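As stored in start.cif (mmCIF, C-alpha atoms and all ligand atoms):
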```cif
data_work
#
loop_
_atom_site.label_atom_id
_atom_site.label_comp_id
_atom_site.auth_asym_id
_atom_site.auth_seq_id
_atom_site.Cartn_x
_atom_site.Cartn_y
_atom_site.Cartn_z
CA MET C 1 -9.52 -27.17 -2.30
CA MET C 2 -10.24 -23.85 -0.60
CA LYS C 3 -7.67 -21.18 -1.33
CA ARG C 4 -5.49 -20.22 1.60
CA CYS C 5 -5.07 -16.55 2.44
CA VAL C 6 -1.78 -14.95 3.46
CA LEU C 7 -1.36 -11.54 5.09
CA VAL C 8 1.81 -9.89 3.80
CA THR C 9 2.88 -7.01 6.04
CA GLY C 10 5.32 -4.65 4.36
CA GLY C 11 3.75 -5.91 1.15
CA ALA C 12 4.48 -2.71 -0.78
CA GLY C 13 8.18 -3.06 -0.01
CA TYR C 14 11.00 -4.61 -1.96
CA ILE C 15 10.91 -8.24 -0.78
CA GLY C 16 7.22 -8.20 0.21
CA SER C 17 6.08 -7.21 -3.28
CA HIS C 18 8.14 -9.94 -4.95
CA THR C 19 6.82 -12.47 -2.44
CA ALA C 20 3.23 -11.39 -3.08
CA VAL C 21 3.73 -12.21 -6.77
CA GLU C 22 5.15 -15.67 -6.02
CA LEU C 23 2.35 -16.40 -3.52
CA VAL C 24 -0.33 -15.57 -6.07
CA GLU C 25 1.45 -17.69 -8.67
CA ALA C 26 1.51 -20.57 -6.17
CA GLY C 27 -2.28 -20.30 -5.75
CA TYR C 28 -2.63 -18.28 -2.54
CA ASP C 29 -4.94 -15.37 -1.90
CA VAL C 30 -2.96 -12.42 -0.63
CA VAL C 31 -3.74 -9.28 1.36
CA LEU C 32 -1.08 -6.57 1.49
CA VAL C 33 -0.64 -4.30 4.49
CA ASP C 34 1.82 -1.42 4.48
CA ASN C 35 2.03 2.09 5.94
CA LEU C 36 4.01 3.23 2.86
CA SER C 37 6.74 4.67 5.08
CA ASN C 38 9.37 3.26 2.72
CA SER C 39 7.39 2.39 -0.40
CA ASP C 40 4.68 3.64 -2.73
CA GLU C 41 1.45 2.50 -4.32
CA GLN C 42 3.12 2.11 -7.70
CA THR C 43 4.69 -1.07 -6.38
CA ILE C 44 1.26 -2.44 -5.54
CA GLU C 45 0.13 -1.56 -9.07
CA GLY C 46 3.20 -3.45 -10.33
CA VAL C 47 2.21 -6.55 -8.34
CA ARG C 48 -1.33 -6.30 -9.67
CA ARG C 49 -0.09 -5.97 -13.24
CA ILE C 50 2.25 -8.96 -13.00
CA THR C 51 -0.38 -11.21 -11.42
CA GLY C 52 -3.42 -9.81 -13.24
CA ILE C 53 -5.23 -9.79 -9.89
CA GLU C 54 -6.63 -6.82 -7.99
CA ILE C 55 -4.85 -7.83 -4.78
CA PRO C 56 -6.38 -6.08 -1.74
CA PHE C 57 -4.20 -3.44 -0.10
CA GLU C 58 -4.78 -1.93 3.33
CA GLN C 59 -2.75 1.14 4.23
CA VAL C 60 -2.22 0.40 7.89
CA ASP C 61 0.61 0.78 10.38
CA CYS C 62 1.31 -2.58 12.03
CA CYS C 63 2.00 -0.81 15.34
CA ASP C 64 -1.54 0.59 15.27
CA ARG C 65 -3.39 -2.20 17.01
CA GLU C 66 -6.90 -0.92 16.32
CA ALA C 67 -6.29 -0.41 12.62
CA LEU C 68 -4.57 -3.77 12.25
CA GLU C 69 -7.37 -5.47 14.15
CA GLU C 70 -9.84 -4.14 11.57
CA VAL C 71 -7.81 -6.00 8.94
CA PHE C 72 -8.01 -9.22 10.97
CA LYS C 73 -11.78 -8.74 11.31
CA LYS C 74 -12.20 -8.18 7.59
CA TYR C 75 -10.28 -11.24 6.33
CA HIS C 76 -9.44 -14.71 7.55
CA PHE C 77 -5.71 -15.42 7.38
CA ASP C 78 -4.16 -18.88 7.30
CA ALA C 79 -0.68 -17.37 7.62
CA VAL C 80 1.24 -14.13 7.92
CA ILE C 81 4.55 -13.09 6.40
CA HIS C 82 5.95 -10.23 8.41
CA PHE C 83 8.22 -8.00 6.34
CA ALA C 84 7.15 -4.65 7.81
CA ALA C 85 10.15 -3.07 9.51
CA SER C 86 12.53 -0.17 9.26
CA LYS C 87 15.77 -1.43 7.74
CA ALA C 88 18.39 1.30 7.30
CA VAL C 89 21.39 0.38 9.45
CA TYR C 90 22.83 3.90 9.68
CA GLU C 91 19.48 5.53 10.38
CA SER C 92 18.98 3.04 13.21
CA ILE C 93 22.15 4.29 14.91
CA GLU C 94 20.74 7.84 14.83
CA LYS C 95 17.19 6.86 15.77
CA PRO C 96 17.39 3.74 17.92
CA LEU C 97 14.04 4.23 19.64
CA MET C 98 12.24 4.57 16.34
CA TYR C 99 13.76 1.25 15.27
CA TYR C 100 12.99 -0.59 18.49
CA ARG C 101 9.46 0.82 18.57
CA ASN C 102 8.68 -0.01 14.96
CA ASN C 103 10.39 -3.35 14.54
CA LEU C 104 9.56 -4.84 17.92
CA GLY C 105 6.19 -3.12 18.27
CA SER C 106 4.87 -4.24 14.91
CA LEU C 107 5.82 -7.87 15.56
CA MET C 108 4.30 -7.89 19.05
CA THR C 109 1.06 -6.31 17.86
CA LEU C 110 0.83 -8.80 15.06
CA LEU C 111 1.48 -11.83 17.28
CA ASP C 112 -1.19 -10.63 19.71
CA LEU C 113 -3.75 -10.37 16.95
CA MET C 114 -2.74 -13.68 15.42
CA ARG C 115 -3.49 -15.39 18.72
CA LYS C 116 -6.78 -13.56 19.12
CA TYR C 117 -7.94 -14.38 15.58
CA GLU C 118 -6.48 -17.90 15.56
CA CYS C 119 -4.01 -17.44 12.78
CA ALA C 120 -1.37 -20.08 13.53
CA ASN C 121 1.47 -19.56 11.07
CA ILE C 122 4.04 -16.81 10.66
CA VAL C 123 7.16 -16.34 8.55
CA PHE C 124 9.50 -13.68 9.85
CA SER C 125 12.12 -11.69 7.91
CA SER C 126 15.32 -12.14 9.81
CA SER C 127 18.81 -11.46 8.58
CA ALA C 128 22.33 -12.84 8.40
CA VAL C 129 23.17 -9.71 10.40
CA VAL C 130 22.46 -11.82 13.51
CA TYR C 131 25.64 -13.87 12.83
CA GLY C 132 27.93 -10.82 12.83
CA ASP C 133 31.50 -11.66 11.80
CA ALA C 134 31.11 -15.43 11.96
CA GLU C 135 34.09 -17.48 13.09
CA HIS C 136 33.44 -20.40 10.74
CA LEU C 137 32.30 -20.27 7.13
CA PRO C 138 29.95 -20.98 5.57
CA VAL C 139 27.51 -19.86 8.22
CA THR C 140 25.07 -22.51 9.42
CA GLU C 141 21.91 -21.97 11.44
CA GLN C 142 23.86 -23.34 14.42
CA SER C 143 26.52 -20.63 14.14
CA PRO C 144 26.29 -18.50 17.27
CA ARG C 145 24.50 -15.20 17.03
CA GLN C 146 26.74 -12.29 17.91
CA ALA C 147 26.18 -8.90 19.47
CA ALA C 148 24.81 -6.61 16.78
CA THR C 149 26.72 -3.54 15.68
CA SER C 150 23.55 -1.48 15.16
CA PRO C 151 20.11 -1.08 16.70
CA TYR C 152 18.69 -2.46 13.43
CA GLY C 153 20.72 -5.66 13.87
CA ASN C 154 19.60 -5.83 17.48
CA THR C 155 15.95 -5.63 16.47
CA LYS C 156 16.35 -8.72 14.27
CA ARG C 157 17.91 -10.67 17.10
CA MET C 158 15.31 -9.45 19.60
CA CYS C 159 12.45 -10.19 17.21
CA GLU C 160 13.73 -13.75 16.80
CA ASP C 161 13.65 -14.10 20.59
CA ILE C 162 10.15 -12.60 20.85
CA LEU C 163 8.98 -15.03 18.19
CA HIS C 164 10.65 -18.01 19.85
CA ASP C 165 9.17 -17.24 23.28
CA THR C 166 5.70 -16.64 21.86
CA ILE C 167 5.75 -19.92 19.98
CA ILE C 168 6.87 -21.82 23.08
CA ALA C 169 4.11 -20.18 25.12
CA ALA C 170 1.52 -21.04 22.46
CA ASP C 171 2.29 -24.71 23.19
CA GLY C 172 1.58 -26.12 19.75
CA ALA C 173 -1.11 -23.63 18.77
CA MET C 174 1.31 -21.54 16.68
CA ARG C 175 4.20 -22.15 14.31
CA ALA C 176 6.91 -19.81 13.06
CA ILE C 177 9.74 -19.88 10.56
CA ALA C 178 12.44 -17.24 10.70
CA LEU C 179 14.27 -16.83 7.40
CA ARG C 180 17.72 -15.36 7.75
CA TYR C 181 18.34 -13.55 4.48
CA PHE C 182 21.84 -13.01 3.23
CA ASN C 183 22.14 -10.14 0.68
CA PRO C 184 18.99 -9.74 -1.42
CA PHE C 185 19.44 -8.06 -4.81
CA GLY C 186 17.87 -7.75 -8.24
CA ALA C 187 14.33 -7.22 -9.43
CA HIS C 188 11.42 -9.08 -10.99
CA PRO C 189 12.27 -10.04 -14.61
CA SER C 190 9.23 -8.02 -15.79
CA ALA C 191 10.91 -4.89 -14.38
CA LEU C 192 7.49 -3.89 -13.02
CA ILE C 193 8.72 -4.10 -9.43
CA GLY C 194 12.17 -3.78 -7.85
CA GLU C 195 14.09 -2.03 -5.11
CA LEU C 196 13.29 1.62 -4.34
CA PRO C 197 16.20 2.99 -2.32
CA ARG C 198 15.47 6.29 -0.59
CA GLY C 199 18.24 8.89 -0.88
CA VAL C 200 21.82 7.74 -1.30
CA PRO C 201 21.83 3.93 -1.29
CA SER C 202 24.00 2.27 1.32
CA ASN C 203 23.70 -1.16 -0.29
CA LEU C 204 26.12 -2.16 -2.98
CA VAL C 205 23.89 -3.17 -5.89
CA PRO C 206 21.62 -0.10 -5.95
CA TYR C 207 24.76 2.05 -5.63
CA ILE C 208 26.22 0.26 -8.65
CA THR C 209 23.09 0.65 -10.78
CA GLN C 210 22.72 4.32 -9.81
CA THR C 211 26.35 4.94 -10.71
CA ALA C 212 25.89 3.22 -14.07
CA ALA C 213 22.83 5.43 -14.59
CA GLY C 214 24.83 8.59 -13.86
CA ILE C 215 22.87 9.41 -10.70
CA ARG C 216 26.00 8.81 -8.60
CA GLU C 217 29.36 9.92 -9.87
CA CYS C 218 31.52 7.09 -8.66
CA LEU C 219 31.16 3.85 -6.70
CA ASN C 220 33.42 3.67 -3.67
CA ILE C 221 34.70 0.17 -3.07
CA PHE C 222 35.13 0.04 0.67
CA GLY C 223 38.51 -1.62 1.08
CA ASP C 224 40.72 -3.80 -1.11
CA ASP C 225 43.18 -4.77 1.59
CA TYR C 226 41.15 -7.36 3.51
CA ASP C 227 42.38 -10.89 3.94
CA THR C 228 40.33 -12.22 1.00
CA PRO C 229 41.49 -13.45 -2.44
CA ASP C 230 41.13 -10.02 -4.11
CA GLY C 231 41.18 -7.93 -0.92
CA SER C 232 37.51 -6.84 -1.06
CA CYS C 233 34.68 -8.07 1.19
CA ILE C 234 32.67 -11.18 0.39
CA ARG C 235 28.91 -11.65 0.63
CA ASP C 236 26.25 -14.13 -0.45
CA TYR C 237 24.02 -12.26 -2.91
CA ILE C 238 20.58 -13.83 -3.21
CA ASP C 239 18.18 -13.03 -6.04
CA VAL C 240 14.99 -11.41 -4.72
CA VAL C 241 12.70 -13.76 -6.68
CA ASP C 242 14.54 -16.82 -5.34
CA LEU C 243 14.22 -15.29 -1.88
CA ALA C 244 10.50 -14.69 -2.43
CA ARG C 245 10.05 -18.37 -3.36
CA ALA C 246 11.63 -19.40 -0.06
CA HIS C 247 8.72 -17.68 1.72
CA VAL C 248 6.19 -19.57 -0.35
CA VAL C 249 7.70 -22.94 0.57
CA ALA C 250 7.99 -21.91 4.22
CA ILE C 251 4.29 -21.05 4.29
CA GLY C 252 3.38 -24.36 2.61
CA ARG C 253 5.50 -26.30 5.11
CA MET C 254 3.58 -24.87 8.07
CA ILE C 255 0.10 -24.92 6.55
CA GLU C 256 0.55 -28.56 5.51
CA GLY C 257 2.03 -29.46 8.93
CA ARG C 258 5.39 -30.57 7.53
CA ASN C 259 7.40 -28.48 10.00
CA LYS C 260 9.58 -30.53 12.38
CA GLN C 261 9.50 -27.97 15.18
CA ASN C 262 7.09 -25.18 15.98
CA TYR C 263 9.88 -22.63 15.63
CA GLU C 264 12.35 -23.16 12.83
CA ILE C 265 15.16 -21.10 11.33
CA PHE C 266 16.59 -21.31 7.81
CA ASN C 267 19.40 -19.50 6.06
CA VAL C 268 18.40 -18.10 2.68
CA GLY C 269 21.39 -17.57 0.43
CA THR C 270 23.06 -19.19 -2.54
CA GLY C 271 25.88 -20.90 -0.66
CA ARG C 272 28.38 -18.94 -2.72
CA GLY C 273 30.53 -16.00 -1.65
CA VAL C 274 31.14 -13.20 -4.15
CA SER C 275 33.57 -10.34 -3.60
CA VAL C 276 32.73 -6.69 -4.21
CA LEU C 277 35.25 -6.55 -7.07
CA GLU C 278 33.86 -9.73 -8.64
CA LEU C 279 30.36 -8.32 -8.47
CA VAL C 280 31.39 -5.04 -10.08
CA GLN C 281 33.24 -6.84 -12.88
CA ALA C 282 30.28 -9.18 -13.49
CA PHE C 283 27.95 -6.18 -13.66
CA GLU C 284 30.15 -4.52 -16.28
CA ARG C 285 30.47 -7.68 -18.35
CA VAL C 286 26.79 -8.70 -18.25
CA ASN C 287 25.47 -5.26 -19.08
CA ASN C 288 28.29 -4.35 -21.41
CA LEU C 289 29.19 -1.06 -19.75
CA LYS C 290 31.99 0.55 -17.85
CA LEU C 291 31.42 1.52 -14.23
CA ASN C 292 33.16 4.48 -12.66
CA TYR C 293 34.62 3.17 -9.42
CA ARG C 294 37.54 3.72 -7.09
CA ILE C 295 39.04 2.00 -4.10
CA ALA C 296 38.05 3.83 -0.93
CA PRO C 297 38.89 3.29 2.76
CA ARG C 298 37.22 0.46 4.62
CA ARG C 299 33.68 1.14 5.87
CA ALA C 300 33.50 1.10 9.67
CA GLY C 301 31.77 -1.95 11.09
CA ASP C 302 31.79 -3.97 7.85
CA ILE C 303 31.71 -7.74 8.11
CA ILE C 304 34.61 -9.07 6.04
CA VAL C 305 33.33 -12.40 4.78
CA SER C 306 29.89 -13.95 4.97
CA TRP C 307 28.15 -16.64 3.01
CA ALA C 308 25.47 -19.16 3.84
CA ASP C 309 25.45 -22.87 4.33
CA THR C 310 22.09 -23.57 2.72
CA THR C 311 22.01 -27.33 3.33
CA LEU C 312 19.09 -27.07 5.75
CA ALA C 313 16.92 -24.98 3.42
CA ASN C 314 17.85 -27.23 0.49
CA ASN C 315 17.01 -30.46 2.32
CA GLU C 316 14.17 -29.43 4.60
CA LEU C 317 12.36 -26.78 2.57
CA GLY C 318 13.28 -28.33 -0.77
CA TRP C 319 14.33 -24.83 -1.78
CA LYS C 320 17.40 -23.81 -3.73
CA ALA C 321 18.51 -20.58 -5.34
CA THR C 322 18.15 -20.96 -9.10
CA ARG C 323 18.98 -17.62 -10.67
CA THR C 324 22.56 -16.87 -11.69
CA LEU C 325 24.51 -13.81 -10.62
CA ASP C 326 24.54 -12.67 -14.26
CA GLU C 327 20.76 -12.97 -14.67
CA THR C 328 20.14 -11.01 -11.51
CA LEU C 329 22.64 -8.27 -12.36
CA ALA C 330 20.93 -7.90 -15.74
CA ALA C 331 17.54 -7.66 -14.01
CA ALA C 332 18.89 -5.06 -11.57
CA TRP C 333 20.11 -2.89 -14.45
CA LYS C 334 16.86 -3.29 -16.40
CA TRP C 335 14.95 -2.14 -13.31
CA GLN C 336 17.22 0.89 -12.86
CA GLN C 337 16.50 1.89 -16.45
CA VAL C 338 12.75 1.62 -15.83
CA LEU C 339 13.13 3.80 -12.73
CA MET C 340 14.91 6.46 -14.78
CA SER C 341 12.08 6.62 -17.27
CA ARG C 342 9.46 7.15 -14.52
P1 LIG K 401 11.37 -2.34 2.44
O1 LIG K 401 11.61 -1.12 3.23
O2 LIG K 401 11.39 -2.24 0.96
O3 LIG K 401 9.99 -3.02 2.87
C1 LIG K 401 9.47 -2.91 4.17
C2 LIG K 401 8.07 -2.34 4.04
O4 LIG K 401 7.48 -2.27 5.32
C3 LIG K 401 8.05 -0.94 3.43
O5 LIG K 401 7.14 -0.93 2.35
C4 LIG K 401 7.56 -0.04 4.58
O6 LIG K 401 6.76 1.01 4.11
C5 LIG K 401 6.78 -1.04 5.42
N1 LIG K 401 6.69 -0.74 6.85
C6 LIG K 401 7.69 -0.38 7.70
N2 LIG K 401 7.20 -0.23 8.95
C7 LIG K 401 5.87 -0.51 8.88
C8 LIG K 401 4.81 -0.56 9.83
N3 LIG K 401 5.01 -0.25 11.11
N4 LIG K 401 3.58 -0.88 9.39
C9 LIG K 401 3.35 -1.18 8.10
N5 LIG K 401 4.29 -1.15 7.16
C10 LIG K 401 5.55 -0.84 7.55
O7 LIG K 401 12.42 -3.45 2.95
P2 LIG K 401 12.75 -4.88 2.35
O8 LIG K 401 14.12 -4.85 1.81
O9 LIG K 401 11.63 -5.37 1.51
O10 LIG K 401 12.82 -5.69 3.70
C11 LIG K 401 11.73 -6.49 4.15
C12 LIG K 401 12.13 -7.16 5.45
O11 LIG K 401 13.30 -7.94 5.23
C13 LIG K 401 12.48 -6.20 6.58
O12 LIG K 401 12.02 -6.74 7.79
C14 LIG K 401 13.99 -6.17 6.55
O13 LIG K 401 14.53 -5.84 7.80
C15 LIG K 401 14.30 -7.61 6.17
N6 LIG K 401 15.61 -7.78 5.55
C16 LIG K 401 15.94 -7.06 4.45
C17 LIG K 401 17.20 -7.21 3.86
C18 LIG K 401 17.61 -6.40 2.66
O14 LIG K 401 18.81 -6.29 2.39
N7 LIG K 401 16.69 -5.82 1.90
C19 LIG K 401 18.11 -8.13 4.42
C20 LIG K 401 17.72 -8.88 5.54
C21 LIG K 401 16.46 -8.69 6.10
N1 LIG K 402 30.03 -1.74 -0.51
C1 LIG K 402 30.92 -0.96 -1.24
N2 LIG K 402 30.48 0.24 -1.70
C2 LIG K 402 29.22 0.70 -1.50
C3 LIG K 402 28.32 -0.12 -0.78
C4 LIG K 402 28.76 -1.33 -0.29
O1 LIG K 402 32.07 -1.34 -1.43
O2 LIG K 402 28.90 1.81 -1.93
C5 LIG K 402 30.49 -3.04 -0.01
C6 LIG K 402 30.41 -3.15 1.51
O3 LIG K 402 31.62 -2.70 2.09
C7 LIG K 402 30.19 -4.64 1.70
C8 LIG K 402 29.43 -5.09 0.45
O4 LIG K 402 29.63 -4.04 -0.51
O5 LIG K 402 31.44 -5.30 1.71
C9 LIG K 402 27.93 -5.27 0.68
O6 LIG K 402 27.46 -4.10 1.33
P1 LIG K 402 25.90 -3.88 1.63
O7 LIG K 402 25.78 -2.62 2.40
O8 LIG K 402 25.14 -4.01 0.36
O9 LIG K 402 25.51 -5.16 2.52
P2 LIG K 402 25.96 -5.57 4.00
O10 LIG K 402 27.29 -4.99 4.29
O11 LIG K 402 24.89 -5.07 4.89
O12 LIG K 402 26.03 -7.07 3.96
#
```

Rewritten as structure tokens:
Amino acid sequence: MMKRCVLVTGGAGYIGSHTAVELVEAGYDVVLVDNLSNSDEQTIEGVRRITGIEIPFEQVDCCDREALEEVFKKYHFDAVIHFAASKAVYESIEKPLMYYRNNLGSLMTLLDLMRKYECANIVFSSSAVVYGDAEHLPVTEQSPRQAATSPYGNTKRMCEDILHDTIIAADGAMRAIALRYFNPFGAHPSALIGELPRGVPSNLVPYITQTAAGIRECLNIFGDDYDTPDGSCIRDYIDVVDLARAHVVAIGRMIEGRNKQNYEIFNVGTGRGVSVLELVQAFERVNNLKLNYRIAPRRAGDIIVSWADTTLANNELGWKATRTLDETLAAAWKWQQVLMSR
């Protein structure tokens, strides 16, 4: 059978690079597009080393219609996975227009070109951020979306709407799956690719690994007086390789026409909530080290508890998270050590 080709925008980024590896391993041809605004070419080299394939890379901004059109002229794509976006919540509060322009603009440009070049299938990176502080847990795909607390969160919600309306207007000619990620963490077991936080990380796991590495002096645990079993916030931490595999099955579902609707949404998490303190203790135990941490005041705007109901993804996509918290925390630490030796 002819190999199918997938365009991965944001392919030099954290989740895009891991997904590129899983796509190649599942037998797809892959083309990576990235403007390297939050990544570097070393990641692409990492993907090429893991797969043993000289995967094509085009350094293009997805908002640049002419440049992106050249990519559509050069290759034929059966599907697109759209990761390219700006993702720093706090930066988005300072630079809202940059976030709306980049995250909405890149999606709209892409959808336009997909229609023009008859590429019918798209997977979009959405986020559990659209649920806000959910009233009922675990969070299902039917849980209402809530007003976002940042422009970044708003872009995810608005992009979902843009996608939905475009798919309806395409009247059967296009299909989309939005994956709502919970909290991605970890790195590829090879430690050839992983997360590359710029500056001081705002996410918990890179902050932990940087503290263990001595780059940060002390981890602040934002609040231990919430109404949770140990007082710290709870999240659903999903291994990045498991998350990458969810994209591969989503692509297969659309290409093989197994989708039930032209626009579908799936939660991607483990179905298990883990507290900040539990995560820190697991990190210490698994990697046999002591982390310097202290209890700090609550972080403004934090969601208290969030974890996914993954029944739909389990039953419909046939996808399930497989990697344990311990395995992923070990992989995250191994990756941090590789970064230090660079
Ligand atoms: P990342 O920053 O590592 O990857 C995004 C990549 O897109 C980067 O390599 C960046 O250079 C590129 N990019 C940004 N704007 C671009 C543009 N206009 N044209 C071309 N390339 C562009 O981020 P990630 O963690 O891999 O996230 C991937 C996607 O998943 C994003 O859409 C993000 O919002 C979403 N997401 C991430 C998380 C998370 O915690 N990491 C959670 C939920 C959703
Ligand atoms: N967190 C923390 N210290 C940090 C970074 C994060 O205690 O330095 C907590 C944060 O308050 C939240 C959880 O870890 O409860 C996950 O935070 P992250 O920013 O990684 O994800 P998000 O809040 O966007 O789900």

| Counting all atoms listed in the file, which of C:Arg299, C:Arg145, C:Arg180, C:Lys260 gets nearest to Ala246 in chain C? | C:Arg180

| Atom pair CA of Asn267 in chain C / CA of Val24 in chain C: separation (Å) |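 Rounded to one decimal, the two atoms are 23.5 Å apart.
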
| If you count all atoms listed in the file, which residues fall within 12 Å of Ile304 in chain C, apart from same-chain ones fewer than 5 positions away, as a list in words? |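 Final neighbour list, sorted by chain and number: Gly132, Asp133, Ala134, Glu135, Leu137, Phe222, Gly223, Asp224, Asp225, Tyr226, Asp227, Thr228, Pro229, Gly231, Ser232, Cys233, Ile234, Arg235, Asp236, Gly273, Val274, Ser275, Val276, Arg298 and Arg299 of chain C.
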
| field | Distance query range 237-242 of chain C at most 6 Å, all atoms listed in the file, self and fewer than 4 positions along chain excluded, as a ChimeraX atom specification | value | /C:183-186,269-270,321

| Minimum-distance residue to ligand LIG 402 (chain K), chosen among C:Pro201, C:Gly257, C:Gly11, C:Gly214 (using all atoms listed in the file) |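 Checking each of C:Pro201, C:Gly257, C:Gly11, C:Gly214 against ligand LIG 402 (chain K), counting all atoms listed in the file, the winner is C:Pro201.
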
| task | Write out as number ranges by chain the residues lying within 10 Å of Gln261 in chain C, counting only C-alpha atoms and excluding same-chain residues fewer than 5 positions away. | result | C: 172, 175-177, 254

Box time for range 3-20 of chain C: axis-aligned, enclosing all its listed atoms, 8 Å extra on each side; report centre and edge lengths in Å to one decimal, as JSON.
```
{"center_x": 1.7, "center_y": -11.9, "center_z": 0.5, "size_x": 34.7, "size_y": 34.5, "size_z": 27.0}
```
